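Data block for my_file.cif (mmCIF, C-alpha atoms):
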```cif
data_structure
loop_
_atom_site.label_atom_id
_atom_site.label_comp_id
_atom_site.auth_asym_id
_atom_site.auth_seq_id
_atom_site.Cartn_x
_atom_site.Cartn_y
_atom_site.Cartn_z
CA MET W 92 -29.48 183.63 -107.64
CA ILE W 93 -29.97 183.63 -111.39
CA SER W 94 -30.38 181.07 -114.11
CA MET W 95 -27.85 180.25 -116.79
CA GLU W 96 -28.57 182.24 -119.93
CA SER W 97 -28.56 179.47 -122.46
CA ASP W 98 -27.94 175.80 -122.91
CA SER W 99 -24.55 176.42 -124.51
CA SER W 100 -23.37 178.17 -121.37
CA ARG W 101 -23.77 174.85 -119.57
CA ARG W 102 -20.99 173.06 -121.37
CA ALA W 103 -17.46 172.71 -120.09
CA VAL W 104 -14.67 173.99 -122.30
CA ASN W 105 -12.29 171.30 -123.50
CA LEU W 106 -8.91 173.04 -123.61
CA ALA W 107 -7.34 170.53 -126.02
CA ASP W 108 -10.23 171.02 -128.45
CA LYS W 109 -9.77 174.78 -128.35
CA LEU W 110 -6.03 174.45 -128.86
CA SER W 111 -6.57 172.19 -131.88
CA GLN W 112 -8.38 175.00 -133.68
CA SER W 113 -5.28 177.04 -134.43
CA ASP W 114 -1.61 176.43 -135.13
CA ASP W 115 -0.57 180.03 -134.56
CA HIS W 116 2.00 180.73 -131.90
CA TRP W 117 1.71 183.50 -129.27
CA SER W 118 -1.89 184.11 -130.28
CA PRO W 119 -4.05 183.48 -127.22
CA ARG W 120 -7.69 182.50 -127.73
CA THR W 121 -10.19 183.38 -125.03
CA VAL W 122 -12.10 180.27 -123.94
CA ALA W 123 -13.96 181.61 -120.90
CA GLN W 124 -14.39 184.73 -118.84
CA PHE W 125 -14.06 184.95 -115.09
CA ASN W 126 -14.46 187.99 -112.82
CA GLY W 127 -13.42 190.44 -115.52
CA HIS W 128 -10.59 188.25 -116.71
CA ASP W 129 -10.08 186.31 -119.93
CA VAL W 130 -9.12 182.67 -119.57
CA MET W 131 -7.05 181.95 -122.68
CA VAL W 132 -5.14 179.11 -124.29
CA ALA W 133 -2.19 179.50 -126.62
CA LYS W 134 0.39 177.50 -128.48
CA VAL W 135 3.83 178.96 -127.99
CA LYS W 136 7.20 178.37 -129.60
CA GLY W 137 10.34 180.47 -129.67
CA GLU W 138 10.68 183.60 -127.63
CA PHE W 139 8.16 186.29 -126.95
CA VAL W 140 9.13 189.88 -126.28
CA TRP W 141 10.41 191.15 -122.92
CA HIS W 142 7.56 193.04 -121.31
CA HIS W 143 5.79 193.78 -118.07
CA HIS W 144 2.26 194.59 -117.01
CA SER W 145 1.85 197.70 -114.88
CA ASP W 146 -1.49 196.75 -113.41
CA THR W 147 -1.93 193.00 -113.45
CA ASP W 148 -0.30 189.76 -112.44
CA ASP W 149 0.19 187.31 -115.31
CA LEU W 150 -0.80 183.66 -114.75
CA PHE W 151 0.74 180.83 -116.76
CA LEU W 152 -0.26 177.15 -116.51
CA VAL W 153 1.52 174.71 -118.81
CA LEU W 154 -0.83 172.21 -120.45
CA SER W 155 1.72 170.41 -122.63
CA GLY W 156 5.40 170.77 -123.44
CA ARG W 157 7.84 172.94 -121.56
CA ILE W 158 8.32 176.68 -121.32
CA THR W 159 10.72 179.04 -119.62
CA ILE W 160 9.66 182.31 -118.09
CA ARG W 161 12.81 184.40 -118.26
CA LEU W 162 13.06 187.00 -115.52
CA ARG W 163 15.77 189.59 -115.10
CA ASP W 164 17.11 187.68 -112.11
CA GLY W 165 16.71 184.12 -113.34
CA ASP W 166 14.58 181.64 -115.25
CA VAL W 167 11.47 179.75 -114.22
CA GLU W 168 11.31 176.36 -115.92
CA MET W 169 7.85 174.88 -116.31
CA GLY W 170 6.41 171.59 -117.51
CA PRO W 171 2.88 170.18 -117.78
CA GLY W 172 0.75 170.81 -114.70
CA GLU W 173 3.02 173.57 -113.47
CA LEU W 174 1.80 177.07 -112.72
CA PHE W 175 3.57 180.38 -112.25
CA VAL W 176 2.28 183.87 -111.60
CA VAL W 177 4.47 186.73 -112.80
CA PRO W 178 3.74 189.48 -110.29
CA VAL W 179 2.52 192.86 -111.47
CA GLY W 180 5.37 195.01 -112.72
CA VAL W 181 7.92 192.23 -113.16
CA GLU W 182 9.65 192.08 -116.51
CA HIS W 183 9.48 188.69 -118.19
CA GLN W 184 10.06 186.96 -121.47
CA PRO W 185 8.25 183.68 -122.15
CA PHE W 186 10.28 181.20 -124.19
CA ALA W 187 9.68 177.69 -125.52
CA ALA W 188 12.41 175.75 -127.32
CA ASN W 189 9.74 173.43 -128.74
CA GLU W 190 6.03 173.96 -129.15
CA ALA W 191 4.14 174.04 -125.88
CA GLU W 192 0.56 174.78 -124.86
CA VAL W 193 -0.38 177.11 -122.05
CA LEU W 194 -3.38 178.47 -120.23
CA LEU W 195 -3.19 182.19 -119.46
CA ILE W 196 -5.40 184.44 -117.36
CA GLU W 197 -5.33 188.22 -117.66
CA PRO W 198 -7.87 190.99 -117.16
CA THR W 199 -10.10 191.33 -120.20
CA GLY W 200 -8.50 193.72 -122.66
CA THR W 201 -4.93 193.38 -121.42
CA PRO W 202 -2.46 193.60 -124.32
CA ASN W 203 -0.28 190.51 -124.19
CA THR W 204 2.85 192.58 -124.50
CA GLY W 205 1.88 194.52 -121.42
CA ASP W 206 1.61 198.26 -121.16
CA GLU W 207 5.21 198.72 -121.99
CA ILE W 208 7.69 196.69 -123.94
CA THR W 209 10.81 196.81 -121.90
CA ALA W 210 13.24 195.07 -124.21
CA ALA W 211 15.78 197.02 -126.15
CA ARG W 212 14.86 194.75 -129.02
CA ARG W 213 11.24 194.74 -130.07
CA ILE W 214 9.67 192.10 -132.20
CA VAL W 215 6.64 192.42 -134.40
CA ILE W 216 3.86 190.23 -133.15
CA MET Q 263 9.10 197.38 -112.88
CA ILE Q 264 10.14 195.57 -109.72
CA SER Q 265 12.26 192.60 -108.82
CA MET Q 266 11.03 189.29 -107.49
CA GLU Q 267 11.16 189.27 -103.72
CA SER Q 268 13.01 186.05 -103.15
CA ASP Q 269 14.44 183.07 -104.87
CA SER Q 270 11.54 180.86 -103.78
CA SER Q 271 9.13 183.13 -105.62
CA ARG Q 272 10.88 182.14 -108.82
CA ARG Q 273 9.76 178.53 -108.80
CA ALA Q 274 6.77 177.16 -110.64
CA VAL Q 275 4.14 175.36 -108.60
CA ASN Q 276 3.73 171.70 -109.48
CA LEU Q 277 0.03 171.05 -109.00
CA ALA Q 278 0.41 167.27 -108.65
CA ASP Q 279 2.99 167.76 -105.90
CA LYS Q 280 0.64 170.07 -104.01
CA LEU Q 281 -2.24 167.63 -104.41
CA SER Q 282 -0.12 164.78 -103.07
CA GLN Q 283 0.25 166.59 -99.75
CA SER Q 284 -3.28 165.92 -98.55
CA ASP Q 285 -5.92 163.24 -98.94
CA ASP Q 286 -8.74 165.41 -97.62
CA HIS Q 287 -11.73 165.98 -99.87
CA TRP Q 288 -13.33 169.39 -100.45
CA SER Q 289 -10.47 171.09 -98.69
CA PRO Q 290 -8.85 173.48 -101.17
CA ARG Q 291 -5.21 174.43 -100.69
CA THR Q 292 -4.02 177.77 -101.99
CA VAL Q 293 -1.00 177.29 -104.26
CA ALA Q 294 -0.65 180.79 -105.71
CA GLN Q 295 -2.24 184.21 -105.65
CA PHE Q 296 -3.27 186.21 -108.65
CA ASN Q 297 -4.88 189.66 -108.81
CA GLY Q 298 -6.56 189.29 -105.44
CA HIS Q 299 -7.61 185.72 -106.13
CA ASP Q 300 -6.49 182.42 -104.62
CA VAL Q 301 -5.49 179.71 -107.06
CA MET Q 302 -6.32 176.47 -105.26
CA VAL Q 303 -6.18 172.74 -105.79
CA ALA Q 304 -8.46 170.19 -104.16
CA LYS Q 305 -9.28 166.53 -104.16
CA VAL Q 306 -13.00 165.99 -104.35
CA LYS Q 307 -15.25 162.98 -103.93
CA GLY Q 308 -18.96 162.69 -103.26
CA GLU Q 309 -21.22 165.69 -103.28
CA PHE Q 310 -20.61 169.16 -101.96
CA VAL Q 311 -23.41 171.40 -100.73
CA TRP Q 312 -25.69 173.40 -103.03
CA HIS Q 313 -24.56 177.02 -102.83
CA HIS Q 314 -23.99 180.16 -104.79
CA HIS Q 315 -21.63 183.10 -104.62
CA SER Q 316 -23.24 186.53 -104.62
CA ASP Q 317 -20.20 188.42 -105.77
CA THR Q 318 -17.88 186.15 -107.69
CA ASP Q 319 -17.74 183.72 -110.57
CA ASP Q 320 -16.42 180.27 -109.64
CA LEU Q 321 -13.78 178.69 -111.89
CA PHE Q 322 -13.27 174.91 -112.06
CA LEU Q 323 -10.56 173.15 -114.07
CA VAL Q 324 -10.41 169.36 -113.82
CA LEU Q 325 -6.86 168.02 -113.43
CA SER Q 326 -7.71 164.34 -113.04
CA GLY Q 327 -10.85 162.22 -112.80
CA ARG Q 328 -14.33 163.42 -113.58
CA ILE Q 329 -16.71 165.79 -111.83
CA THR Q 330 -20.22 167.03 -112.36
CA ILE Q 331 -21.29 170.58 -111.65
CA ARG Q 332 -24.97 170.23 -110.93
CA LEU Q 333 -27.00 173.30 -111.82
CA ARG Q 334 -30.69 173.83 -111.20
CA ASP Q 335 -31.33 173.51 -114.94
CA GLY Q 336 -28.94 170.70 -115.79
CA ASP Q 337 -25.56 169.12 -115.20
CA VAL Q 338 -22.14 170.04 -116.55
CA GLU Q 339 -19.97 166.96 -116.95
CA MET Q 340 -16.22 167.56 -116.85
CA GLY Q 341 -13.11 165.47 -117.40
CA PRO Q 342 -9.38 166.24 -117.35
CA GLY Q 343 -8.44 169.41 -119.17
CA GLU Q 344 -11.98 170.74 -119.07
CA LEU Q 345 -12.88 174.09 -117.60
CA PHE Q 346 -16.16 175.61 -116.48
CA VAL Q 347 -17.00 178.94 -114.89
CA VAL Q 348 -20.11 179.04 -112.74
CA PRO Q 349 -21.34 182.61 -113.17
CA VAL Q 350 -21.87 184.83 -110.16
CA GLY Q 351 -25.15 184.09 -108.43
CA VAL Q 352 -25.79 180.71 -110.04
CA GLU Q 353 -26.61 177.88 -107.66
CA HIS Q 354 -24.43 174.83 -108.09
CA GLN Q 355 -23.46 171.59 -106.44
CA PRO Q 356 -20.14 170.00 -107.35
CA PHE Q 357 -20.21 166.19 -107.35
CA ALA Q 358 -17.67 163.47 -108.06
CA ALA Q 359 -18.64 159.79 -108.10
CA ASN Q 360 -14.96 158.88 -107.73
CA GLU Q 361 -12.06 160.91 -106.48
CA ALA Q 362 -11.08 163.72 -108.81
CA GLU Q 363 -8.62 166.60 -108.63
CA VAL Q 364 -9.51 170.16 -109.53
CA LEU Q 365 -8.00 173.61 -109.78
CA LEU Q 366 -10.21 176.39 -108.43
CA ILE Q 367 -9.88 180.17 -108.54
CA GLU Q 368 -11.84 182.45 -106.26
CA PRO Q 369 -11.24 185.87 -104.74
CA THR Q 370 -9.03 185.59 -101.67
CA GLY Q 371 -11.21 185.00 -98.63
CA THR Q 372 -14.23 183.61 -100.44
CA PRO Q 373 -15.94 180.92 -98.36
CA ASN Q 374 -16.20 177.81 -100.51
CA THR Q 375 -19.85 177.41 -99.69
CA GLY Q 376 -20.54 180.88 -100.99
CA ASP Q 377 -22.30 183.63 -99.11
CA GLU Q 378 -25.43 181.62 -98.81
CA ILE Q 379 -26.14 177.93 -98.76
CA THR Q 380 -29.17 177.53 -100.93
CA ALA Q 381 -29.96 173.89 -100.41
CA ALA Q 382 -32.83 172.84 -98.25
CA ARG Q 383 -30.42 170.30 -96.84
CA ARG Q 384 -27.26 171.69 -95.33
CA ILE Q 385 -24.21 169.64 -94.61
CA VAL Q 386 -21.51 170.33 -92.10
CA ILE Q 387 -18.21 170.96 -93.82
#
```
Output the file's structure in the form of structure tokens.
Amino acid sequence: MISMESDSSRRAVNLADKLSQSDDHWSPRTVAQFNGHDVMVAKVKGEFVWHHHSDTDDLFLVLSGRITIRLRDGDVEMGPGELFVVPVGVEHQPFAANEAEVLLIEPTGTPNTGDEITAARRIVI
Amino acid sequence: MISMESDSSRRAVNLADKLSQSDDHWSPRTVAQFNGHDVMVAKVKGEFVWHHHSDTDDLFLVLSGRITIRLRDGDVEMGPGELFVVPVGVEHQPFAANEAEVLLIEPTGTPNTGDEITAARRIVI
């Protein structure tokens, strides 16, 4: 067993506080790290690009508002306190009609558009 | 890219619904899987055993109520929407004066007491 490195490492992260620090959409901020993954929060609004991740699942937990995870074979509607894991390799397009706040977990260093943008239409992010 | 296996895999998990299915304390229920990890929810009350995990970090997110993660060098107090990752190897004892609800993420198959119970006093769980 080891000791915690510093006093600051002993504080919980308040997700609402972290979210209040930026108004940007689709710009995840890493708030903690866990087993080689980044735990991130983001404000989202509008539609993100269609993409998939070739080597990781993609975890979404809605903190406020509502989002839709569009899949090629249907939509997943999500509200506060709802969680969905997009399995590795599955194309998806996150969408929020109104601003929403989400917690995301992905391996550290994963581009948020995945390894490959699979939409015919690309957007600049 | 691959398709989702079944229609049921396209639904978000409502964490409150899952929590409502059991009144047991310290008995995590797996609600999703993510990159070899179990995403779990649990009701907690009272104190758990001192323990550490030799090969994994331990993620706590409070969904309702308040908990304390006791560490050998101090306590981490947590309320709703607060997240804390106990680093690999660090001894800790979760405690809740009143019932609280938490989301936990650990590698699939991790015993919740860790590999080694480090308290002088063991409890049967």
CA of Arg334 (chain Q) sits from CA of Gln355 (chain Q) at a separation of 8.9 Å
Do you have, as CSV, the list of residues of region 100-176 of chain W lying at most 9 Å from region 311-323 of chain Q, each with its nearest atom pair and that distance in Å to one decimal, counting only C-alpha atoms and ordered by chain then number?
```
residue,atom,partner,partner_atom,distance
W:Gln124,CA,Q:Asp319,CA,9.0
W:Phe125,CA,Q:Asp319,CA,6.0
W:Asn126,CA,Q:Asp319,CA,5.8
```
Could you list, as a PyMOL selection string, the residues of chain Q having an atom within 8 Å of chain W when counting all atoms listed in the file? chain Q and resi 263-266+272-278+294-297+314+316+318-321+334-340+343-347+349+351-353
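Taking CA of His287 (chain Q) and CA of Val303 (chain Q) as endpoints, the distance between them is 10.6 Å.
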Expand the PyMOL selection byres ((chain Q and resi 307) around 12) into the individual residues it matches in the shown file, reporting them as a list in words.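 Written out, the selection comes to Asp285, Asp286, His287, Trp288, Ser289, Ala304, Lys305, Val306, Gly308, Glu309, Phe310, Ser326, Gly327, Arg328, Ile329, Thr330, Pro356, Phe357, Ala358, Ala359, Asn360, Glu361, Ala362, Glu363 and Val364 of chain Q.
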Just give me the gap between CA of Leu366 (chain Q) and CA of Asp129 (chain W) in Å, one decimal is fine. 15.2 Å
Return as lines of an AutoDock Vina configuration file the centre and edge lengths, in Å with one decimal, of the box along x, y and z that encloses every atom of region 168-182 of chain W in the file, padded by 4 Å per side.
```
center_x = 6.0
center_y = 182.6
center_z = -114.0
size_x = 18.6
size_y = 32.8
size_z = 15.5
```
